[in-house]
Amino acid sequence: MEILPINFEIQVGSKRLKIQRKLGNGAFGVVYKAKDKASSRIYAVKDILCEDASEIINVINEIATLNELSHENVIAVKGADQFVSREGVHMLILTEYCAGGNLNERLKEASSEDENLRWMLQMSHALSYLHSNEVVHRDLKPDNVLLTAAGDVKLADFGLAREFIALKTNYRLEDDSWLTYYQYYMETGAGIRDWVAPEVFDGHYTEKADIFSLGVIFFAILQRDYISINGKRFYGAFKRVRDLGKVGLGYAMAKHNPRKIQFSSRAQGSEPQQELTLECLEYDKDDRPSADEIHQQLEELEIQNNWMMTLAREYCAIM
């Protein structure tokens with residue numbers, strides 16, 4: 001794909017921006033750091049090269065999805081535009097800039113237990129918000145978790161996100177009343193092989209696939225396991241498979257053995273954090289908690305940790 005040169009100027013709505021540098025590649029397109037010439041404010045610009053009408057529609061859907069969302073831990077859209085080059089139509093999405101980079105890069109360095117818990121809490125909060133608004137991300141992985149300068153989480157790259165498709169079923173109860181039950185299924189492949197749930201490989205899955213991917217990120221935070229591709233580390237949850245080496249847990253479960261993964265003795269995190277992570281990584285989607293349940297449990301852990309720290313400080317003051 002054509003890479004925009006440094007100092008190249010683009011128009012996004014009323015903003016005239018100058019490209020400063022390439023930040024990385026998303027699921028679709030290239031992301032750049034750009035500076036608004038009028039205000040000197042820094043933004044991220046996602047440039048998605050579209051070669052046909054269907055690709056343009058996909059980008060419009062991504063923009064529409066993000067425009068409907070407003071959450072402190074979900075990347076915010078600031079504008080959209082397009083321009084034409086010899087290669088095709090460039091669809092531009094302007095978002096807030098996250099100076100902390102992405103979580104995959106951050107995991108190369110050590111982090112405190114407090115940081116780990118904060119990341120997990122914020123991600124679960126964001127995912128609970130998405131699911132409550134009937135949006136499935138479908139491409140959760142450390143590369144798509146951005147960090148602000150203060151180290152707070154922003155879920156990004158919604159190129160594969162979509163709304164639930166509801167299948168309505170009515171059950172008649174013993175008292176002759178009716179219970180309406182909704183199940184949500186998606187039937188197209190999504191995400192990258194090493195970070196998705198086992199049921200995705202069957203092409204028939206629910207929002208619980210997001211929970212599995214969230215568990216993969218949690219495992220990456222606490223265990224720091226990774227695979228290397230072209231010299232770059234990619235963090236996640238992996239199993240060794242004969243003749244294949246290390247592969248993503250979901251793929252290993254779907255194609256080889258549904259046996260659970262375990263933390264090693266060098267992993268970080270409290271026992272409740274590790275147990276919650278493993279619950280997210282259950283083979284059977286019905287055994288995984290909801291995003292809201294995960295968030296509630298992590299909130300309780302944060303309260304307990306804060307209480308213990310307060311007691312410790314008071315004890316030190318007395319001594």
# chains A, B, ... in the order shown; residues from 1 in each chain; ligands from 1
>>> residues_around(residues="Leu66 (chain A)", least_positions_apart="2", cutoff="12 Å", atoms="only C-alpha atoms", output="MDAnalysis selection string")
chainID A and resid 59:64 68:71 74:80 93:95 130 133 135:137 155:163
>>> select_by_dssp(residues="region 44-137 of chain A", states="strand (DSSP E or B)", output="list in words")
Ala44, Val45, Lys46, Asp47, Ile48, Leu49, Cys50, Val74, Val77, Lys78, Gly79, Ala80, Asp81, Gln82, Phe83, Val84, Val89, His90, Met91, Leu92, Ile93, Leu94, Thr95, Glu96, Asn102, Val135 and Val136 of chain A
>>> residues_around(residues="Val84 (chain A)", least_positions_apart="5", cutoff="12 Å", atoms="only C-alpha atoms", output="list in words")
Glu2, Ile10, Asp47, Ile48, Leu49, Cys50, Glu51, Val89, His90, Met91 and Leu92 of chain A
>>> write_last_selection(atoms="C-alpha atoms", output="PDB file, in the first residue's frame")
ATOM      1  CA  GLU A   2       1.120   3.555  -0.720  1.00  0.00           C
ATOM      2  CA  ILE A  10      -4.327  16.002   4.113  1.00  0.00           C
ATOM      3  CA  ASP A  47      -5.742   5.732   6.071  1.00  0.00           C
ATOM      4  CA  ILE A  48      -7.710   2.865   4.538  1.00  0.00           C
ATOM      5  CA  LEU A  49      -7.145   2.236   0.842  1.00  0.00           C
ATOM      6  CA  CYS A  50     -10.374   1.025  -0.773  1.00  0.00           C
ATOM      7  CA  GLU A  51     -10.346  -0.599  -4.183  1.00  0.00           C
ATOM      8  CA  VAL A  89      -9.967   5.805  -2.728  1.00  0.00           C
ATOM      9  CA  HIS A  90      -8.298   6.647   0.578  1.00  0.00           C
ATOM     10  CA  MET A  91     -10.839   6.716   3.404  1.00  0.00           C
ATOM     11  CA  LEU A  92      -9.522   8.712   6.357  1.00  0.00           C
TER      12      LEU A  92
END
>>> closest_residue(among="A:Lys37, A:Asn104, A:Glu282, A:Val30", to="Asn7 (chain A)", atoms="only C-alpha atoms")
A:Lys37
>>> residues_around(residues="Val247 (chain A)", least_positions_apart="5", cutoff="7 Å", atoms="only C-alpha atoms", output="short mmCIF file (atom, residue, chain, number, x, y, z; two decimals) with C-alpha atoms, in the first residue's frame")
data_model
loop_
_atom_site.label_atom_id
_atom_site.label_comp_id
_atom_site.auth_asym_id
_atom_site.auth_seq_id
_atom_site.Cartn_x
_atom_site.Cartn_y
_atom_site.Cartn_z
CA ASP A 194 -3.81 -16.50 17.28
CA PHE A 238 -0.35 -19.96 23.18
CA LYS A 239 0.00 -23.72 23.12
CA ARG A 240 2.65 -25.87 21.51
CA VAL A 241 1.33 -28.14 18.77
CA ALA A 252 -5.17 -25.11 19.33
#
>>> residues_around(residues="Ser40 (chain A)", least_positions_apart="3", cutoff="12 Å", atoms="only C-alpha atoms", output="MDAnalysis selection string")
chainID A and resid 15:18 20 34:37 43
>>> closest_residue(among="A:Phe218, A:Phe201, A:Tyr97, A:Phe83", to="Leu121 (chain A)", atoms="only C-alpha atoms")
A:Phe218
>>> atom_distance(atom1="CA of Gln297 (chain A)", atom2="CA of Glu199 (chain A)")
25.1 Å
>>> residues_around(residues="Gln262 (chain A)", least_positions_apart="2", cutoff="8 Å", atoms="only C-alpha atoms", output="PyMOL selection string")
chain A and resi 260+264+278
>>> write_last_selection(atoms="all heavy atoms", output="PDB file, in the first residue's frame")
ATOM      1  N   LYS A 260      -7.530 -27.032  28.702  1.00  0.00           N
ATOM      2  CA  LYS A 260      -7.295 -25.688  29.216  1.00  0.00           C
ATOM      3  C   LYS A 260      -5.809 -25.347  29.251  1.00  0.00           C
ATOM      4  O   LYS A 260      -4.952 -26.219  29.261  1.00  0.00           O
ATOM      5  CB  LYS A 260      -7.862 -25.555  30.633  1.00  0.00           C
ATOM      6  CG  LYS A 260      -9.364 -25.653  30.739  1.00  0.00           C
ATOM      7  CD  LYS A 260      -9.787 -25.487  32.187  1.00  0.00           C
ATOM      8  CE  LYS A 260     -11.300 -25.581  32.338  1.00  0.00           C
ATOM      9  NZ  LYS A 260     -11.713 -25.402  33.749  1.00  0.00           N
ATOM     10  N   SER A 264       2.050 -20.275  34.505  1.00  0.00           N
ATOM     11  CA  SER A 264       3.287 -20.814  35.061  1.00  0.00           C
ATOM     12  C   SER A 264       3.566 -20.149  36.408  1.00  0.00           C
ATOM     13  O   SER A 264       2.903 -19.178  36.786  1.00  0.00           O
ATOM     14  CB  SER A 264       4.454 -20.563  34.102  1.00  0.00           C
ATOM     15  OG  SER A 264       4.841 -19.197  34.146  1.00  0.00           O
ATOM     16  N   LEU A 278      -8.724 -17.448  33.393  1.00  0.00           N
ATOM     17  CA  LEU A 278      -8.944 -18.805  32.891  1.00  0.00           C
ATOM     18  C   LEU A 278     -10.428 -19.073  32.620  1.00  0.00           C
ATOM     19  O   LEU A 278     -10.767 -19.845  31.725  1.00  0.00           O
ATOM     20  CB  LEU A 278      -8.380 -19.834  33.877  1.00  0.00           C
ATOM     21  CG  LEU A 278      -6.853 -19.765  34.073  1.00  0.00           C
ATOM     22  CD1 LEU A 278      -6.394 -20.824  35.064  1.00  0.00           C
ATOM     23  CD2 LEU A 278      -6.118 -19.929  32.747  1.00  0.00           C
TER      24      LEU A 278
END
>>> select_by_dssp(residues="region 38-276 of chain A", states="helix (DSSP H, G or I)", output="ChimeraX atom specification")
/A:53-67,103-106,113-132,142-144,193-195,198-202,208-223,249-255,271-276
>>> atom_distance(atom1="CA of Lys141 (chain A)", atom2="CA of Asn67 (chain A)")
21.7 Å
>>> atom_distance(atom1="CA of Val145 (chain A)", atom2="CA of Asn116 (chain A)")
13.3 Å
>>> closest_residue(among="A:Ile227, A:Ile3, A:Leu222, A:Leu276", to="Ser85 (chain A)", atoms="only C-alpha atoms")
A:Ile3
>>> residues_around(residues="Ile221 (chain A)", least_positions_apart="3", cutoff="10 Å", atoms="only C-alpha atoms", output="list in words")
Leu103, Asn104, Arg106, Leu107, Ala110, Ser111, Glu113, Glu115, Asn116, Leu117, Trp119, Met120, Pro142, Gly215, Val216, Ile217, Phe218, Arg224, Asp225, Tyr235, Gly236, Ala237, Ala267, Gln268 and Gly269 of chain A
>>> closest_residue(among="A:Tyr129, A:Trp307, A:Tyr205, A:Phe234", to="Asp286 (chain A)", atoms="only C-alpha atoms")
A:Tyr205
